[in-house]
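Below you'll find the structure, written out as structure tokens, and then a few comments.
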Amino acid sequence: MKGSPIVDVHAHVTPRRFQEAVLSGRDWHGMTCEDGELDNPKNRWAPERRIEEMDELGVDAQLVSPTDCFYQYDKAPGVTVAIAVECNDEIVEIVRAHPRRFMGLGTLPMQDIGLTVAEMERGMRLGLRGFMIDDHVNGRTYDDPGFEPLWEAAERHHAFLLIHQYGPTTVWHRTPNYFLPNSVGNLVDRTLTFGCLVFGGVMDRHPRLRVCLAHAGGYVPYAVDRMDRGWDAFPKYRGKALDRPSTYLSRFLYDTTAFTDRNLRFLVDAVGVENVILGTDWPAPMAVEDPVRKIRESKVLTDSEREAILRGNVARVLGKAA
């Protein structure tokens with residue numbers, strides 16, 4: 001879809017109101033300067049400085065979401081909803097100040113489903129496109145029936161849901177060493193989320209859900225054939241899914257945080273190019289470097305695939321305003 005903007009759907013922001021509080025020595029809803037990844041200078045940038053780097057990278061717009069540390073699901077619900085309201089309000093302010101350069105994803109107080117639905121509805125009224133959520137809520141996975149009102153509300157409001165982990169990941173419980181809880185754990189958690197949404201029947205009950213699995217879907221593209229084999233060999237473990245796990249690959253979206261042409265080609269072949277959208281994890285140290293150029297110069301993509309990943313797919317998913 002030539003002429004549509006190039007949108008990075010996986011880009012984070014550390015709210016200024018948090019920074020102003022903690023850098024002056026105060027806490028912010030119980031959070032301190034140890035939170036918010038303020039050791040990364042880019043997390044302190046004003047929107048205008050972000051735009052300068054976006055221009056350098058060839059990114060027309062970012063779909064910005066709060067840095068994952070602002071989930072705070074383990075706090076009292078009243079504290080978490082206060083954090084969510086402030087984060088979401090600031091993202092709305094950024095979008096309104098720069099409507100051609102930013103779109104917004106909010107955060108939710110996921111440990112209280114009533115507060116979650118209320119904040120989702122408020123955020124969508126204010127102009128957010130959706131929300132970023134963890135792979136679980138204090139150990140509760142998304143096959144838990146208690147989350148049903150969330151999926152209903154997300155469908156009703158056409159909310160885009162970006163699934164993105166916050167530590168500690170599952171791998172941390174086996175070993176906290178060698179950065180494995182992030183480099184491997186992020187991908188493990190995403191795969192478990194796919195499995196819980198599929199086998200829990202969520203994707204069948206809610207066919208209009210728009211769920212993006214960050215970090216290129218984790219190990220999902222690689223693991224799904226073994227999931228299919230399990231489906232065939234052990235029918236008693238099929239849960240509430242109506243079909244083999246691989247048939248649900250096209251029900252999800254996947255960002256391009258795959259790092260290499262080899263992985264990107266595998267992702268496209270496994271899930272379909274129409275389900276792959278540009279996402280970089282900016283400004284994290286693990287972000288994809290020079291992401292637009294990497295897609296444009298990739299030797300493993302066709303011209304039509306490049307166009308779909310950079311422009312066409314996100315325009316379809318987020319609408320004409322994308």
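Here's how to read the names in the structure tokens: chain A, B, ... by the order shown, residue numbers from 1 in each chain, ligand numbers from 1 in the order shown.
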
DSSP alpha helix (DSSP H) selection over segment 102-279 of chain A, as a ChimeraX atom specification: /A:113-126,148-156,180-183,185-199,202-205,220-233,261-271

Go through A:His136, A:Arg296, A:Arg229, A:Lys42 one by one, measure the shortest atom-to-atom distance of each to Gln165 of chain A using only C-alpha atoms, and give the residue with the smallest value. A:His136

Residues near Leu213 of chain A, cut-off 12 Å, only C-alpha atoms, skip fewer than 2 positions along chain, as an MDAnalysis selection string: chainID A and resid 9:10 132:135 160:165 186:195 197 210:211 215:221 249:257 271 275:277 279

Using only C-alpha atoms, find each residue in segment 82-155 of chain A having at least one atom no more than 12 Å away from segment 29-34 of chain A; report its shortest atom-to-atom pair and that distance in Å (one decimal), rows by chain then rising number, as a Markdown table.
```
| residue | atom | partner | partner_atom | distance |
| --- | --- | --- | --- | --- |
| A:Ala82 | CA | A:His29 | CA | 7.7 |
| A:Ile83 | CA | A:His29 | CA | 6.8 |
| A:Ala84 | CA | A:His29 | CA | 10.6 |
| A:Val85 | CA | A:His29 | CA | 11.7 |
| A:Glu86 | CA | A:His29 | CA | 10.3 |
| A:Cys87 | CA | A:His29 | CA | 11.7 |
```

Preceding selection exported with C-alpha atoms as a PDB file, in the first residue's frame:
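Dumped to result-v3.pdb:
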```
ATOM      1  CA  ALA A  82      -3.240   5.248  39.120  1.00  0.00           C
ATOM      2  CA  ILE A  83      -0.028   4.328  37.277  1.00  0.00           C
ATOM      3  CA  ALA A  84      -2.013   3.224  34.220  1.00  0.00           C
ATOM      4  CA  VAL A  85      -4.106   6.396  34.125  1.00  0.00           C
ATOM      5  CA  GLU A  86      -1.044   8.636  34.281  1.00  0.00           C
ATOM      6  CA  CYS A  87       0.887   6.606  31.696  1.00  0.00           C
TER       7      CYS A  87
END
```

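One finds atom CA of Asp269 of chain A at 16.7 Å from atom CA of Arg226 of chain A.
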
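Contact shell of segment 94-101 of chain A at 9 Å (only C-alpha atoms; same-chain neighbours under 6 positions omitted): Val7, Pro47, Ile51, Met54, Val59, Asp60, Ala61, Gln62, Leu63, Val64, Gly127, Leu128, Ala321 and Ala322 of chain A.
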
Any chance you could export the current selection's C-alpha atoms as a compact mmCIF listing (two decimals), in the first residue's frame?
```
# COMPACT_ATOMS: atom_id res chain seq x y z
CA VAL A 7 4.90 2.44 11.54
CA PRO A 47 9.23 13.50 21.68
CA ILE A 51 11.28 12.20 15.98
CA MET A 54 12.78 8.26 13.64
CA VAL A 59 10.20 5.46 10.52
CA ASP A 60 7.17 7.67 9.83
CA ALA A 61 5.34 6.89 13.08
CA GLN A 62 5.71 4.93 16.29
CA LEU A 63 2.95 3.05 18.06
CA VAL A 64 4.29 3.94 21.50
CA GLY A 127 -7.80 7.83 21.23
CA LEU A 128 -5.47 4.99 22.20
CA ALA A 321 -4.92 6.74 10.00
CA ALA A 322 -1.86 4.49 10.19
```

What does the structure give for the distance between atom CA of Gly272 of chain A and atom CA of Ala233 of chain A, in Å to one decimal? 26.1 Å

Nearest to Val198 of chain A among A:Asn313, A:Thr67, A:Ser246, A:Asn88, with distances taken over only C-alpha atoms: which residue is it? A:Ser246

Set the distance at 10 Å and use only C-alpha atoms: which residues neighbour Ala308 of chain A once local chain neighbours fewer than 6 positions away are removed? I'd like the list as a CSV table (one decimal) with N, CA and C atoms, in the first residue's frame.
```csv
chain,number,residue,atom,x,y,z
A,1,MET,N,0.9,-1.2,0.0
A,1,MET,CA,0.0,0.0,0.0
A,1,MET,C,0.9,1.2,0.0
A,2,LYS,N,1.3,1.6,-1.2
A,2,LYS,CA,2.3,2.7,-1.3
A,2,LYS,C,1.6,4.0,-0.8
A,273,VAL,N,3.2,-13.7,5.3
A,273,VAL,CA,3.7,-12.3,5.2
A,273,VAL,C,2.6,-11.3,5.7
A,274,GLU,N,1.4,-11.6,5.4
A,274,GLU,CA,0.3,-10.7,5.7
A,274,GLU,C,0.1,-10.5,7.2
A,275,ASN,N,0.8,-11.3,8.0
A,275,ASN,CA,0.7,-11.2,9.5
A,275,ASN,C,2.0,-10.7,10.2
A,276,VAL,N,2.9,-10.2,9.4
A,276,VAL,CA,4.2,-9.6,9.9
A,276,VAL,C,4.2,-8.1,9.7
A,277,ILE,N,4.5,-7.4,10.8
A,277,ILE,CA,4.5,-5.9,10.8
A,277,ILE,C,5.8,-5.4,11.4
A,278,LEU,N,6.2,-4.3,11.0
A,278,LEU,CA,7.5,-3.7,11.5
A,278,LEU,C,7.4,-3.4,13.0
A,302,THR,N,10.7,-10.6,-1.1
A,302,THR,CA,10.4,-10.1,-2.4
A,302,THR,C,9.9,-8.6,-2.3
A,314,VAL,N,0.3,-3.0,8.3
A,314,VAL,CA,-0.1,-2.1,9.5
A,314,VAL,C,-1.2,-1.2,9.1
A,315,ALA,N,-1.3,-0.8,7.8
A,315,ALA,CA,-2.4,0.1,7.4
A,315,ALA,C,-3.7,-0.7,7.5
A,316,ARG,N,-3.7,-2.0,7.2
A,316,ARG,CA,-4.9,-2.8,7.3
A,316,ARG,C,-5.3,-3.0,8.7
```

Which of these residues is nearest to Trp151 of chain A, using only C-alpha atoms: A:Thr116, A:Asn182, A:Asn40, A:Thr280? A:Thr116

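Assigned to strand (DSSP E) in segment 42-75 of chain A, given DSSP computed from backbone atoms, are Ala61, Gln62, Leu63, Val64, Ser65 and Pro66 of chain A.
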
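Using only C-alpha atoms, the shortest contact distance between Arg16 of chain A and any of A:Tyr178, A:Trp282, A:Tyr142, A:Trp45 is found at A:Trp45.
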